[in-house]
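Enquirer: Next up, my_file21.cif (mmCIF, C-alpha atoms).
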data_data
loop_
_atom_site.label_atom_id
_atom_site.label_comp_id
_atom_site.auth_asym_id
_atom_site.auth_seq_id
_atom_site.Cartn_x
_atom_site.Cartn_y
_atom_site.Cartn_z
CA MET A 1 122.79 95.83 100.33
CA GLU A 2 120.30 95.93 97.47
CA SER A 3 116.69 94.75 97.39
CA LEU A 4 116.57 90.96 97.10
CA LYS A 5 113.91 89.11 95.07
CA VAL A 6 113.23 85.75 96.69
CA ALA A 7 111.02 82.95 95.35
CA LEU A 8 109.61 80.19 97.58
CA VAL A 9 108.92 76.94 95.70
CA GLN A 10 106.55 74.87 97.84
CA GLY A 11 106.20 71.59 95.95
CA ALA A 12 104.82 68.07 96.41
CA THR A 13 107.97 66.00 96.00
CA ARG A 14 107.54 62.66 94.22
CA TRP A 15 108.71 59.69 96.30
CA HIS A 16 112.03 58.19 95.16
CA ASP A 17 111.58 59.41 91.60
CA ALA A 18 114.45 61.73 90.76
CA PRO A 19 113.66 62.03 87.01
CA ALA A 20 110.05 63.01 87.75
CA ASN A 21 111.19 65.47 90.41
CA ARG A 22 113.69 67.08 88.06
CA ASP A 23 110.93 67.68 85.52
CA TYR A 24 108.46 68.80 88.18
CA TYR A 25 110.72 71.22 90.02
CA ALA A 26 112.22 72.60 86.81
CA SER A 27 108.72 73.65 85.74
CA LEU A 28 108.11 75.37 89.10
CA VAL A 29 111.53 77.04 89.12
CA ARG A 30 110.94 78.47 85.65
CA GLN A 31 107.83 80.19 87.01
CA ALA A 32 110.16 82.11 89.34
CA ALA A 33 112.43 83.44 86.60
CA GLY A 34 113.41 87.02 87.37
CA SER A 35 114.13 86.26 91.03
CA ASP A 36 117.57 86.64 92.57
CA LEU A 37 117.15 83.60 94.82
CA ILE A 38 114.89 80.55 94.40
CA VAL A 39 114.45 78.28 97.43
CA LEU A 40 113.35 74.62 97.13
CA PRO A 41 112.44 72.16 99.91
CA GLU A 42 114.75 69.68 101.63
CA THR A 43 115.66 66.48 99.67
CA PHE A 44 113.52 67.65 96.77
CA LEU A 45 114.65 64.92 94.36
CA SER A 46 113.76 61.98 96.63
CA GLY A 47 111.67 63.00 99.61
CA PHE A 48 112.95 62.61 103.17
CA SER A 49 114.09 59.00 103.05
CA ASN A 50 116.36 56.78 105.11
CA ASP A 51 116.65 54.37 102.20
CA THR A 52 119.94 55.90 101.15
CA ARG A 53 120.54 53.28 98.45
CA SER A 54 117.48 54.54 96.56
CA ALA A 55 117.64 58.21 97.56
CA ALA A 56 121.31 59.15 97.32
CA GLU A 57 123.48 59.89 94.32
CA GLY A 58 127.05 61.08 93.95
CA MET A 59 128.41 64.56 93.45
CA ASP A 60 128.97 63.57 89.83
CA GLY A 61 125.37 62.40 89.44
CA GLU A 62 122.53 63.88 87.41
CA GLY A 63 121.00 65.81 90.31
CA VAL A 64 123.91 68.16 90.99
CA ALA A 65 124.57 68.74 87.29
CA TRP A 66 120.88 69.39 86.64
CA LEU A 67 120.61 71.87 89.53
CA ARG A 68 123.67 73.82 88.39
CA ALA A 69 122.41 73.95 84.81
CA LEU A 70 118.97 75.10 85.93
CA ALA A 71 120.51 77.96 87.94
CA VAL A 72 122.39 79.05 84.83
CA GLU A 73 119.21 78.79 82.71
CA VAL A 74 117.02 80.94 84.97
CA GLY A 75 119.80 83.36 85.96
CA ALA A 76 119.27 82.99 89.70
CA VAL A 77 120.74 81.29 92.74
CA ILE A 78 118.85 78.07 93.51
CA CYS A 79 118.99 76.62 97.03
CA GLY A 80 117.75 73.23 98.26
CA SER A 81 119.08 69.94 99.63
CA LEU A 82 119.80 66.52 98.11
CA ALA A 83 120.77 63.12 99.53
CA ILE A 84 124.39 62.86 98.40
CA ARG A 85 126.80 59.94 98.70
CA ASP A 86 130.31 61.28 99.25
CA GLY A 87 132.81 58.48 99.64
CA GLU A 88 131.35 55.98 102.12
CA THR A 89 129.00 58.50 103.75
CA VAL A 90 125.64 59.90 102.71
CA TYR A 91 124.89 63.52 103.60
CA ASN A 92 121.74 65.62 103.54
CA ARG A 93 123.57 68.26 101.54
CA LEU A 94 122.27 71.72 100.79
CA PHE A 95 123.43 73.34 97.56
CA TRP A 96 123.73 77.02 96.78
CA ALA A 97 123.90 76.92 92.98
CA ARG A 98 124.82 80.22 91.32
CA PRO A 99 123.87 81.43 87.82
CA ASP A 100 127.55 81.45 86.82
CA GLY A 101 127.70 77.66 87.31
CA SER A 102 129.60 77.74 90.61
CA PHE A 103 128.15 76.41 93.86
CA GLU A 104 128.61 76.14 97.62
CA GLN A 105 127.44 73.32 99.87
CA TYR A 106 126.39 72.78 103.47
CA ASP A 107 125.88 69.41 105.15
CA LYS A 108 122.96 69.28 107.57
CA ARG A 109 124.40 69.54 111.05
CA HIS A 110 121.51 68.22 113.17
CA LEU A 111 120.16 64.84 112.13
CA PHE A 112 116.59 63.92 113.03
CA ARG A 113 117.09 60.95 115.31
CA MET A 114 113.35 60.39 115.82
CA ALA A 115 113.28 59.13 112.22
CA GLY A 116 116.69 57.45 112.39
CA GLU A 117 118.43 60.02 110.18
CA HIS A 118 121.45 59.99 112.49
CA THR A 119 122.04 56.27 111.80
CA ARG A 120 122.13 56.61 108.00
CA TYR A 121 123.53 60.06 107.28
CA GLY A 122 126.71 61.88 108.16
CA SER A 123 126.58 65.16 110.09
CA GLY A 124 128.18 68.41 108.96
CA SER A 125 130.36 70.55 111.21
CA GLU A 126 130.71 73.87 109.37
CA ARG A 127 128.22 76.70 108.97
CA LEU A 128 128.01 78.25 105.54
CA ILE A 129 127.48 81.97 105.02
CA VAL A 130 127.12 83.15 101.43
CA GLU A 131 126.71 86.61 99.93
CA LEU A 132 124.18 87.80 97.38
CA LYS A 133 123.57 91.43 96.38
CA GLY A 134 125.28 92.59 99.57
CA TRP A 135 123.24 90.27 101.83
CA ARG A 136 124.98 87.77 104.08
CA ILE A 137 122.87 84.62 104.09
CA LEU A 138 122.90 81.54 106.35
CA PRO A 139 121.36 78.47 104.64
CA GLN A 140 120.23 75.63 106.90
CA VAL A 141 118.25 72.38 106.72
CA CYS A 142 115.01 71.49 108.53
CA TYR A 143 115.86 70.12 112.03
CA ASP A 144 118.66 72.70 112.34
CA LEU A 145 115.85 75.17 113.07
CA ARG A 146 115.49 73.75 116.58
CA PHE A 147 119.06 74.58 117.65
CA PRO A 148 119.48 78.29 118.50
CA VAL A 149 123.11 78.07 119.60
CA TRP A 150 124.16 76.75 116.17
CA LEU A 151 122.10 79.50 114.51
CA ARG A 152 123.12 82.35 116.78
CA ASN A 153 123.87 85.52 114.85
CA ARG A 154 127.24 86.58 116.17
CA ARG A 155 128.56 90.05 116.72
CA LEU A 156 130.87 90.92 113.87
CA ALA A 157 131.98 94.52 113.79
CA SER A 158 133.15 94.31 110.19
CA ALA A 159 129.74 93.23 108.85
CA THR A 160 126.88 95.49 107.84
CA GLY A 161 124.72 96.13 110.90
CA GLY A 162 127.21 94.46 113.22
CA MET A 163 126.09 90.84 112.72
CA ASP A 164 127.40 87.98 110.64
CA TYR A 165 124.21 87.32 108.65
CA ASP A 166 121.14 89.22 107.48
CA LEU A 167 118.92 86.37 106.28
CA ALA A 168 118.56 82.77 107.49
CA LEU A 169 117.09 80.18 105.11
CA PHE A 170 115.56 76.86 106.14
CA VAL A 171 114.69 74.18 103.59
CA ALA A 172 112.50 71.49 105.08
CA ASN A 173 110.37 68.35 105.01
CA TRP A 174 108.53 69.28 108.22
CA PRO A 175 105.50 67.04 108.91
CA ALA A 176 102.03 68.49 109.39
CA PRO A 177 101.56 67.19 112.99
CA ARG A 178 104.48 69.42 114.06
CA ARG A 179 103.47 72.47 112.06
CA GLN A 180 103.05 74.67 115.14
CA PRO A 181 106.71 74.32 116.21
CA TRP A 182 107.77 75.07 112.61
CA ARG A 183 105.74 78.27 112.51
CA THR A 184 106.81 79.33 116.01
CA LEU A 185 110.51 78.61 115.60
CA LEU A 186 110.77 80.53 112.32
CA ARG A 187 109.51 83.59 114.18
CA ALA A 188 111.75 82.99 117.19
CA ARG A 189 114.87 82.67 115.05
CA ALA A 190 114.08 85.97 113.31
CA ILE A 191 113.45 87.85 116.55
CA GLU A 192 116.46 86.61 118.50
CA ASN A 193 118.87 87.02 115.60
CA LEU A 194 117.59 90.38 114.32
CA SER A 195 117.39 88.97 110.81
CA TYR A 196 114.96 88.06 108.08
CA VAL A 197 114.02 84.36 107.95
CA VAL A 198 112.77 82.32 104.99
CA GLY A 199 111.41 78.81 105.52
CA VAL A 200 110.40 76.56 102.60
CA ASN A 201 108.60 73.31 103.36
CA ARG A 202 107.06 70.71 101.06
CA VAL A 203 103.40 69.69 100.72
CA GLY A 204 101.59 66.44 99.96
CA VAL A 205 102.07 62.94 101.38
CA ASP A 206 105.32 60.97 101.11
CA GLY A 207 106.03 57.27 100.67
CA ASN A 208 105.89 56.74 104.43
CA ASP A 209 102.34 58.18 104.52
CA ILE A 210 103.60 61.31 106.29
CA ALA A 211 101.62 64.45 105.42
CA TYR A 212 103.17 67.89 104.99
CA ALA A 213 101.25 71.13 105.45
CA GLY A 214 103.60 73.56 103.72
CA ASP A 215 103.41 76.69 105.86
CA SER A 216 106.38 78.16 104.01
CA ALA A 217 106.92 81.73 105.14
CA VAL A 218 109.02 84.87 105.13
CA ILE A 219 109.43 86.49 108.55
CA ASP A 220 110.75 89.97 109.26
CA PRO A 221 113.26 90.83 112.03
CA VAL A 222 110.53 91.56 114.59
CA GLY A 223 108.79 88.24 113.96
CA GLU A 224 105.99 89.45 111.71
CA PRO A 225 105.13 87.35 108.65
CA LEU A 226 105.61 89.13 105.34
CA LEU A 227 104.44 86.08 103.38
CA GLU A 228 102.68 82.89 104.50
CA LEU A 229 101.74 79.99 102.25
CA GLY A 230 99.09 77.36 102.85
CA ALA A 231 99.15 73.62 102.20
CA GLN A 232 99.00 73.66 98.40
CA GLU A 233 101.65 73.57 95.71
CA GLN A 234 102.69 77.17 95.19
CA VAL A 235 105.43 79.42 93.84
CA ALA A 236 105.45 82.76 95.64
CA MET A 237 107.78 85.71 95.23
CA ILE A 238 108.68 88.57 97.52
CA THR A 239 111.20 91.43 97.48
CA LEU A 240 113.15 91.91 100.70
CA ASP A 241 114.14 95.48 101.54
CA PRO A 242 117.31 95.89 103.64
CA ALA A 243 116.23 99.28 105.03
CA PRO A 244 113.80 97.99 107.71
CA LEU A 245 116.38 95.44 108.85
CA LEU A 246 119.16 98.00 109.24
CA ALA A 247 116.81 100.49 110.89
CA HIS A 248 115.64 97.88 113.41
CA ARG A 249 119.22 96.96 114.30
CA GLU A 250 120.01 100.65 114.76
CA ARG A 251 117.11 101.46 117.06
CA PHE A 252 117.11 98.10 118.90
CA PRO A 253 120.76 97.01 119.01
CA ALA A 254 120.32 93.95 121.21
CA TRP A 255 123.28 92.37 119.43
CA MET A 256 125.55 94.77 121.34
CA ASP A 257 124.57 93.08 124.61
CA ALA A 258 124.87 89.51 123.32
CA ASP A 259 127.14 87.05 125.12
CA GLY A 260 130.36 86.09 123.44
CA PHE A 261 130.89 82.37 123.01
CA SER A 262 132.75 79.75 121.05
CA LEU A 263 131.01 76.80 119.45
CA ASP A 264 132.35 73.24 119.53
CA PRO A 265 130.36 71.22 116.99
CA GLY A 266 132.00 68.00 118.16
#
Translate this structure into structure tokens?

Expert:
Amino acid sequence: MESLKVALVQGATRWHDAPANRDYYASLVRQAAGSDLIVLPETFLSGFSNDTRSAAEGMDGEGVAWLRALAVEVGAVICGSLAIRDGETVYNRLFWARPDGSFEQYDKRHLFRMAGEHTRYGSGSERLIVELKGWRILPQVCYDLRFPVWLRNRRLASATGGMDYDLALFVANWPAPRRQPWRTLLRARAIENLSYVVGVNRVGVDGNDIAYAGDSAVIDPVGEPLLELGAQEQVAMITLDPAPLLAHRERFPAWMDADGFSLDPG
């Protein structure tokens, strides 16, 4: 594992205006050039919308092509989610776009029923773990943060430090009235999973008059914030050092006492 340069892009997504969002987020992403990993909010080309006709585009649409090209341009992995129509179903789909033009994808598993997301979007069933500079990384989307069984870092003897991921990422549109659970759960997920956690939320007010307070953060494996953002548009960069993570797992190997389990996402 090498040091990992991570950029948090906390933006004010324009409502249902993909061309404006492409221009806007491209300008913010370019400020983070030199990073290894650049993290954008959830549904950053549309805002968190249940109007799938207006918000969603296909895998062959401009959004995916633009994101892949931008990753190549800045020479970094870019991570964030888009509303994607795949066949007859729309997914809240996270992309992990690499600087070589390749990409991975993860469909949001837990759909926010309090806003009706479960009635308009399809749910994913597979976790994605990707590797970057020796780090094993688990990218997730917003409401997934509330489900610790899905996120549980599992004992894996073949992995560095004995666990199947070293960093969990959460891209979000998490409203300001629930900012305390967001801040608390980021810390809880880091502590219980002996991992770093990065959470990137949006700011501003969306087309449904919902306000977002940002509160994007980087949390270390003992739950201490290494970086905390406020409620303004901001691009912030941090370098994650693997040494404290591996040392903590060595001196506090709680993973060795974890319960074995199998997960049925059905």

Enquirer: Tell me which protein, DNA and RNA residues are within 10 Å of Glu233 of chain A, counting only C-alpha atoms, leaving out same-chain ones fewer than 5 positions away, and put them as a PyMOL selection string.

Expert: chain A and resi 9-13+28+202-204+214

Enquirer: Go ahead and write the residues just picked, C-alpha atoms, as a CSV table (one decimal), in the frame of the given file.

Expert:
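As a result, part-v7.csv now contains:
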chain,number,residue,atom,x,y,z
A,9,VAL,CA,108.9,76.9,95.7
A,10,GLN,CA,106.6,74.9,97.8
A,11,GLY,CA,106.2,71.6,96.0
A,12,ALA,CA,104.8,68.1,96.4
A,13,THR,CA,108.0,66.0,96.0
A,28,LEU,CA,108.1,75.4,89.1
A,202,ARG,CA,107.1,70.7,101.1
A,203,VAL,CA,103.4,69.7,100.7
A,204,GLY,CA,101.6,66.4,100.0
A,214,GLY,CA,103.6,73.6,103.7

Enquirer: Tell me which residues the PyMOL selection byres ((chain A and resi 57) around 7) grabs here, as an MDAnalysis selection string.

Expert: chainID A and resid 55:56 58:59 61 83:85

Enquirer: For atom CA of Met1 of chain A and atom CA of Leu185 of chain A, quote the distance in Å rounded to one decimal.

Expert: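 Between atom CA of Met1 of chain A and atom CA of Leu185 of chain A the gap works out to 26.1 Å.
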
Enquirer: For the file shown, what are the residues hit by the PyMOL selection byres ((chain A and resi 163-177) around 7), laid out as JSON, numbers by chain?

Expert: {"A": [40, 41, 42, 48, 80, 135, 136, 137, 138, 139, 140, 141, 142, 153, 154, 155, 156, 159, 160, 161, 162, 178, 179, 195, 196, 197, 198, 199, 200, 201, 202, 210, 211, 212, 213]}

Enquirer: Taking C-alpha atoms for each residue, export the selection above as an mmCIF file, in the coordinates of the input.

Expert:
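Just written: result10.cif:
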data_model
loop_
_atom_site.group_PDB
_atom_site.id
_atom_site.type_symbol
_atom_site.label_atom_id
_atom_site.label_comp_id
_atom_site.auth_asym_id
_atom_site.auth_seq_id
_atom_site.Cartn_x
_atom_site.Cartn_y
_atom_site.Cartn_z
ATOM 1 C CA LEU A 40 113.350 74.620 97.130
ATOM 2 C CA PRO A 41 112.440 72.160 99.910
ATOM 3 C CA GLU A 42 114.750 69.680 101.630
ATOM 4 C CA PHE A 48 112.950 62.610 103.170
ATOM 5 C CA GLY A 80 117.750 73.230 98.260
ATOM 6 C CA TRP A 135 123.240 90.270 101.830
ATOM 7 C CA ARG A 136 124.980 87.770 104.080
ATOM 8 C CA ILE A 137 122.870 84.620 104.090
ATOM 9 C CA LEU A 138 122.900 81.540 106.350
ATOM 10 C CA PRO A 139 121.360 78.470 104.640
ATOM 11 C CA GLN A 140 120.230 75.630 106.900
ATOM 12 C CA VAL A 141 118.250 72.380 106.720
ATOM 13 C CA CYS A 142 115.010 71.490 108.530
ATOM 14 C CA ASN A 153 123.870 85.520 114.850
ATOM 15 C CA ARG A 154 127.240 86.580 116.170
ATOM 16 C CA ARG A 155 128.560 90.050 116.720
ATOM 17 C CA LEU A 156 130.870 90.920 113.870
ATOM 18 C CA ALA A 159 129.740 93.230 108.850
ATOM 19 C CA THR A 160 126.880 95.490 107.840
ATOM 20 C CA GLY A 161 124.720 96.130 110.900
ATOM 21 C CA GLY A 162 127.210 94.460 113.220
ATOM 22 C CA ARG A 178 104.480 69.420 114.060
ATOM 23 C CA ARG A 179 103.470 72.470 112.060
ATOM 24 C CA SER A 195 117.390 88.970 110.810
ATOM 25 C CA TYR A 196 114.960 88.060 108.080
ATOM 26 C CA VAL A 197 114.020 84.360 107.950
ATOM 27 C CA VAL A 198 112.770 82.320 104.990
ATOM 28 C CA GLY A 199 111.410 78.810 105.520
ATOM 29 C CA VAL A 200 110.400 76.560 102.600
ATOM 30 C CA ASN A 201 108.600 73.310 103.360
ATOM 31 C CA ARG A 202 107.060 70.710 101.060
ATOM 32 C CA ILE A 210 103.600 61.310 106.290
ATOM 33 C CA ALA A 211 101.620 64.450 105.420
ATOM 34 C CA TYR A 212 103.170 67.890 104.990
ATOM 35 C CA ALA A 213 101.250 71.130 105.450
#

Enquirer: Please provide the set of residues having any atom within 6 Å of Arg93 of chain A, restricted to only C-alpha atoms, with same-chain residues fewer than 6 positions apart removed, written as a list in words.

Expert: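 So, after excluding close chain neighbours, the residues are Ser81, Leu82, Tyr106 and Asp107 of chain A.
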
Enquirer: Pick from A:Gly230, A:Asp220, A:Asp36, A:Val149: nearest to Ala243 of chain A, with all atoms listed in the file counted?

Expert: A:Asp220

Enquirer: Would you kindly return, as a compact mmCIF listing (two decimals) with C-alpha atoms, in the coordinates of the input, each protein, DNA or RNA residue with an atom no farther than 12 Å from any atom of Gln31 of chain A, considering all atoms listed in the file and excluding same-chain residues fewer than 2 positions away?

Expert:
# COMPACT_ATOMS: atom_id res chain seq x y z
CA ALA A 7 111.02 82.95 95.35
CA LEU A 8 109.61 80.19 97.58
CA VAL A 9 108.92 76.94 95.70
CA TYR A 24 108.46 68.80 88.18
CA TYR A 25 110.72 71.22 90.02
CA ALA A 26 112.22 72.60 86.81
CA SER A 27 108.72 73.65 85.74
CA LEU A 28 108.11 75.37 89.10
CA VAL A 29 111.53 77.04 89.12
CA ALA A 33 112.43 83.44 86.60
CA GLY A 34 113.41 87.02 87.37
CA SER A 35 114.13 86.26 91.03
CA ILE A 38 114.89 80.55 94.40
CA VAL A 74 117.02 80.94 84.97
CA GLN A 234 102.69 77.17 95.19
CA VAL A 235 105.43 79.42 93.84
CA ALA A 236 105.45 82.76 95.64
CA MET A 237 107.78 85.71 95.23

Enquirer: The PyMOL selection byres ((chain A and resi 191) around 12) - which residues does that actually catch in the file I just gave you? List them as number ranges by chain.

Expert: A: 148, 152-153, 166-168, 184-190, 192-197, 219-225, 245, 248-249, 252-255

Enquirer: May I have the residues from that selection written out with C-alpha atoms, as a short mmCIF file (atom, residue, chain, number, x, y, z; two decimals), in the frame of the given file?

Expert:
data_model
loop_
_atom_site.label_atom_id
_atom_site.label_comp_id
_atom_site.auth_asym_id
_atom_site.auth_seq_id
_atom_site.Cartn_x
_atom_site.Cartn_y
_atom_site.Cartn_z
CA PRO A 148 119.48 78.29 118.50
CA ARG A 152 123.12 82.35 116.78
CA ASN A 153 123.87 85.52 114.85
CA ASP A 166 121.14 89.22 107.48
CA LEU A 167 118.92 86.37 106.28
CA ALA A 168 118.56 82.77 107.49
CA THR A 184 106.81 79.33 116.01
CA LEU A 185 110.51 78.61 115.60
CA LEU A 186 110.77 80.53 112.32
CA ARG A 187 109.51 83.59 114.18
CA ALA A 188 111.75 82.99 117.19
CA ARG A 189 114.87 82.67 115.05
CA ALA A 190 114.08 85.97 113.31
CA GLU A 192 116.46 86.61 118.50
CA ASN A 193 118.87 87.02 115.60
CA LEU A 194 117.59 90.38 114.32
CA SER A 195 117.39 88.97 110.81
CA TYR A 196 114.96 88.06 108.08
CA VAL A 197 114.02 84.36 107.95
CA ILE A 219 109.43 86.49 108.55
CA ASP A 220 110.75 89.97 109.26
CA PRO A 221 113.26 90.83 112.03
CA VAL A 222 110.53 91.56 114.59
CA GLY A 223 108.79 88.24 113.96
CA GLU A 224 105.99 89.45 111.71
CA PRO A 225 105.13 87.35 108.65
CA LEU A 245 116.38 95.44 108.85
CA HIS A 248 115.64 97.88 113.41
CA ARG A 249 119.22 96.96 114.30
CA PHE A 252 117.11 98.10 118.90
CA PRO A 253 120.76 97.01 119.01
CA ALA A 254 120.32 93.95 121.21
CA TRP A 255 123.28 92.37 119.43
#

Enquirer: Interatomic distance between atom CA of Leu45 of chain A and atom CA of Arg120 of chain A?

Expert: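 Straight-line distance from atom CA of Leu45 of chain A to atom CA of Arg120 of chain A works out to 17.6 Å.
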
Enquirer: For Glu88 of chain A, which residue out of A:Gly122, A:Pro181, A:Gly116, A:Gly63 is the nearest one, using only C-alpha atoms?

Expert: A:Gly122

Enquirer: Go through A:Pro244, A:Gly47, A:Pro265, A:Gly134 and flag the residue nearest Asp206 of chain A, using all atoms listed in the file for the distances.

Expert: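 When distances to Asp206 of chain A are compared using all atoms listed in the file, the smallest one comes from A:Gly47.
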
Enquirer: Enter the distance from atom CA of Tyr121 of chain A to atom CA of His16 of chain A, in Å, rounded to one decimal.

Expert: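 Here the two named atoms are 16.8 Å from each other.
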
Enquirer: Between A:Ala18, A:Val90, A:Ile238, A:Leu263, which one has atoms that come closest to His118 of chain A, using all atoms listed in the file?

Expert: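 That would be A:Val90, the residue with the smallest distance to His118 of chain A.
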
Enquirer: Nearest to Val64 of chain A: which of A:Arg30, A:Arg109, A:Arg146, A:Arg22 is it, counting only C-alpha atoms?

Expert: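 Smallest distance to Val64 of chain A is found for A:Arg22.
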
Enquirer: Of the residues A:Leu240, A:Thr52, A:Asn21, A:Gln232, which is the one nearest to Val218 of chain A, using only C-alpha atoms?

Expert: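 Closest candidate: A:Leu240.
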
Enquirer: Give the centre and edge lengths of an axis-aligned box, in Å to one decimal, that holds all listed atoms of segment 239-252 of chain A with 8 Å on each side, as lines of an AutoDock Vina configuration file.

Expert:
center_x = 115.6
center_y = 96.4
center_z = 108.2
size_x = 24.8
size_y = 26.0
size_z = 37.4
